[in-house]
Amino acid sequence: MKNNNTVMSKLIRSSFLFSLGMILSIVCLVKPVNAETISTSKSDYSHSIQLTVVNSLEERLSKVLGVLDAKLTSDEKAKSLDYLTRLSNLENNRTTYVQTQEEISLIQDFNTYLNELTIKYFPKAESYAKELEDAFGPVTLSKNNEVIENIKSKISNLDYTKINSIYSQYVDNTIESDAAARQIYSILQKYSNKIESDEVLYNIFTVEYGTKARFTIKDDYTVKYQDPARTGLSNLSKADQAKYKRVWAQVRQILPTKYLGAFAEFDISSDGKYGVAAFVEQLDNDGRYWRISVDPADMSNKNEFYHTVIHEFGHYVSLNNTQVKYIKKDEIINPSKDDYYDTSLIANKNSYLNRYYNTFWKEYAFDRNANTLNQLFFCRHYDEFVSEYAATSVAEDFSESFSYYVLPPKNATLKQKERINFFDQFPELVQLKKSILSNMKKNKLIK
């Protein structure tokens, strides 16, 4: 799956793996201290927030090492501390949020050393991490794009050939995704009397998710099938439309209606069993309106389906317009070291995600970001995360932990419980949990 798209406003709302860089959408894959109380406020309520405070480099090193902390020799620990000391000095001397090349190189070297130590003390970690990389890694795209084929009759043969050529270059990574999107969009615009250019562009670049149908969520929260004639999607039979409307009904059996006001569209997508089970994505530039997509092929395990829907709703909870600011193209930002941000957004200081980042990720986020494809990071911190997928990013960790907050696991480590219990400090999230559970009980999904 491509992960380097910076998106052209509403022209392409790309669905890239959140763990590889939060752009506009979030996907969910199916898979077999010392504390200081800080008072803060958000809108019309106040919370007593528990933020982890690291008082020394030794304490930070312990967090960075994770389960390695109890394994290393004194020499290995000294070398690790030297890496961290130099890194901390570079961090403190920075005048902007942009890392220097020296800092980037040091992080890469430190990450490599930590990976070597992980493999040394946990010999099975390397093969296990490789399995995770295969599960969470980029999707292999086909040059045969169904959406392009579906619009062939609506455009000229010359433009059909041009679009296919540009898309092939995109698949081969010989053209930047933004450039490919712009070039294809400029061609599609010529046919505005026959197609919806922005929708076709979106569907072309998200074809790996296999979007089958799109529904409008009406004021009464039932859904209406959108005619695909101008979007490049295939037409559904009446029977399939009815079947997919029942999928939406199952989503509503989990999520209470009163919390669905920001969702304007519902998609059915299918990339096959054990692929992308569901995802959510914003429909505007500030995260006010959203779409949720579900793959029916991944609904057979009911408990996983429940967790997946709640996980995806957790992304909306943490990434809507009241929680984060989405960065416009060429916009200059200057976040502090206490601000959670990535290439597409910066979290509000009092947001759930920013607090989560400062509580659990701030001290070792550099290690995760050093190589987002390598999953040895999880092997160092397996006792902290509620699932392997949670270790792929701050946002995925938040949503995974949120799903386990609503539907608690039978067994959890002390550190996993810290993540799960994080949400209890927010009265509105406590109420949200109660509402979801009440809705599920009413619909006989749980006892």
# chains A, B, ... in the order shown; residues from 1 in each chain; ligands from 1
>>> residues_around(residues="Phe422 of chain A", least_positions_apart="4", cutoff="10 Å", atoms="only C-alpha atoms", output="PyMOL selection string")
chain A and resi 49-51+352+355-356+359-360+398+401-402+405+417-418+426
>>> write_last_selection(atoms="N, CA and C atoms", output="tab-separated table (two decimals), in the first residue's frame")
chain	number	residue	atom	x	y	z
A	49	ILE	N	-5.56	14.89	34.83
A	49	ILE	CA	-4.87	14.06	33.86
A	49	ILE	C	-3.60	13.47	34.45
A	50	GLN	N	-3.42	12.16	34.26
A	50	GLN	CA	-2.23	11.50	34.73
A	50	GLN	C	-1.23	11.41	33.57
A	51	LEU	N	-0.17	12.20	33.63
A	51	LEU	CA	0.86	12.16	32.62
A	51	LEU	C	2.12	11.55	33.21
A	352	TYR	N	-7.37	14.13	23.31
A	352	TYR	CA	-7.14	12.77	23.81
A	352	TYR	C	-5.82	12.21	23.29
A	355	ARG	N	-2.64	13.75	24.82
A	355	ARG	CA	-2.43	13.25	26.18
A	355	ARG	C	-1.95	11.80	26.16
A	356	TYR	N	-2.52	11.04	25.25
A	356	TYR	CA	-2.11	9.63	25.13
A	356	TYR	C	-0.64	9.55	24.71
A	359	THR	N	1.61	10.48	27.57
A	359	THR	CA	1.58	9.50	28.64
A	359	THR	C	2.37	8.24	28.29
A	360	PHE	N	2.25	7.78	27.05
A	360	PHE	CA	2.80	6.46	26.71
A	360	PHE	C	3.90	6.46	25.64
A	398	PHE	N	-3.93	4.06	20.30
A	398	PHE	CA	-5.07	4.71	20.94
A	398	PHE	C	-6.36	3.95	20.63
A	401	SER	N	-6.48	0.34	22.08
A	401	SER	CA	-6.71	0.40	23.53
A	401	SER	C	-8.14	0.83	23.83
A	402	PHE	N	-8.67	1.75	23.02
A	402	PHE	CA	-10.05	2.19	23.22
A	402	PHE	C	-11.02	1.03	23.02
A	405	TYR	N	-10.89	-1.01	25.97
A	405	TYR	CA	-11.52	-0.30	27.09
A	405	TYR	C	-13.02	-0.58	27.10
A	417	LYS	N	-3.04	-2.67	31.10
A	417	LYS	CA	-4.15	-2.09	31.87
A	417	LYS	C	-3.99	-0.58	32.00
A	418	GLU	N	-2.75	-0.10	32.09
A	418	GLU	CA	-2.54	1.35	32.16
A	418	GLU	C	-3.09	2.03	30.91
A	426	PHE	N	-11.77	10.52	31.48
A	426	PHE	CA	-12.63	11.41	30.70
A	426	PHE	C	-14.09	11.00	30.89
>>> atom_distance(atom1="atom CA of Ser168 of chain A", atom2="atom CA of Val294 of chain A")
27.5 Å
>>> atom_distance(atom1="atom CA of Asn320 of chain A", atom2="atom CA of Thr231 of chain A")
26.3 Å
>>> residues_around(residues="Tyr316 of chain A", least_positions_apart="4", cutoff="10 Å", atoms="only C-alpha atoms", output="NGL selection string")
:A and (25-26 or 262-263 or 280-282 or 287-292 or 310-312 or 320-321 or 323 or 399)
>>> write_last_selection(atoms="N, CA and C atoms", output="short mmCIF file (atom, residue, chain, number, x, y, z; two decimals), in the first residue's frame")
data_model
loop_
_atom_site.label_atom_id
_atom_site.label_comp_id
_atom_site.auth_asym_id
_atom_site.auth_seq_id
_atom_site.Cartn_x
_atom_site.Cartn_y
_atom_site.Cartn_z
N SER A 25 -7.03 8.62 6.21
CA SER A 25 -7.91 7.54 6.61
C SER A 25 -7.20 6.57 7.51
N ILE A 26 -7.99 5.74 8.15
CA ILE A 26 -7.46 4.83 9.13
C ILE A 26 -8.02 3.46 8.84
N ALA A 262 -21.68 12.65 12.72
CA ALA A 262 -20.62 13.14 11.84
C ALA A 262 -20.39 12.23 10.64
N PHE A 263 -21.05 11.07 10.63
CA PHE A 263 -20.83 10.13 9.53
C PHE A 263 -21.85 10.36 8.43
N VAL A 280 -12.02 4.14 8.56
CA VAL A 280 -12.77 5.39 8.52
C VAL A 280 -11.89 6.44 7.86
N GLU A 281 -12.52 7.46 7.32
CA GLU A 281 -11.77 8.54 6.70
C GLU A 281 -12.60 9.81 6.71
N GLN A 282 -11.90 10.91 6.75
CA GLN A 282 -12.58 12.20 6.75
C GLN A 282 -13.05 12.55 5.35
N GLY A 287 -11.89 17.36 9.22
CA GLY A 287 -12.29 16.24 10.06
C GLY A 287 -13.66 16.38 10.68
N ARG A 288 -14.52 17.17 10.06
CA ARG A 288 -15.87 17.36 10.61
C ARG A 288 -16.82 16.23 10.17
N TYR A 289 -16.67 15.79 8.92
CA TYR A 289 -17.56 14.75 8.38
C TYR A 289 -16.74 13.54 7.95
N TRP A 290 -17.34 12.35 8.14
CA TRP A 290 -16.58 11.11 7.99
C TRP A 290 -17.35 10.06 7.20
N ARG A 291 -16.58 9.09 6.73
CA ARG A 291 -17.10 7.90 6.07
C ARG A 291 -16.55 6.69 6.82
N ILE A 292 -17.37 5.65 6.96
CA ILE A 292 -16.91 4.38 7.52
C ILE A 292 -17.09 3.30 6.48
N ILE A 310 -15.56 -0.73 16.89
CA ILE A 310 -15.26 0.18 18.01
C ILE A 310 -13.89 0.82 17.82
N HIS A 311 -12.93 0.04 17.34
CA HIS A 311 -11.60 0.57 17.02
C HIS A 311 -11.71 1.72 16.02
N GLU A 312 -12.46 1.49 14.95
CA GLU A 312 -12.58 2.54 13.93
C GLU A 312 -13.28 3.77 14.48
N ASN A 320 -11.24 13.79 15.08
CA ASN A 320 -12.24 14.70 14.51
C ASN A 320 -11.81 16.15 14.69
N ASN A 321 -12.60 17.07 14.17
CA ASN A 321 -12.20 18.48 14.11
C ASN A 321 -12.09 19.14 15.48
N GLN A 323 -10.51 17.70 17.95
CA GLN A 323 -9.35 17.09 18.59
C GLN A 323 -8.02 17.44 17.91
N SER A 399 -6.60 3.68 19.35
CA SER A 399 -7.86 3.05 18.96
C SER A 399 -7.96 1.60 19.40
#
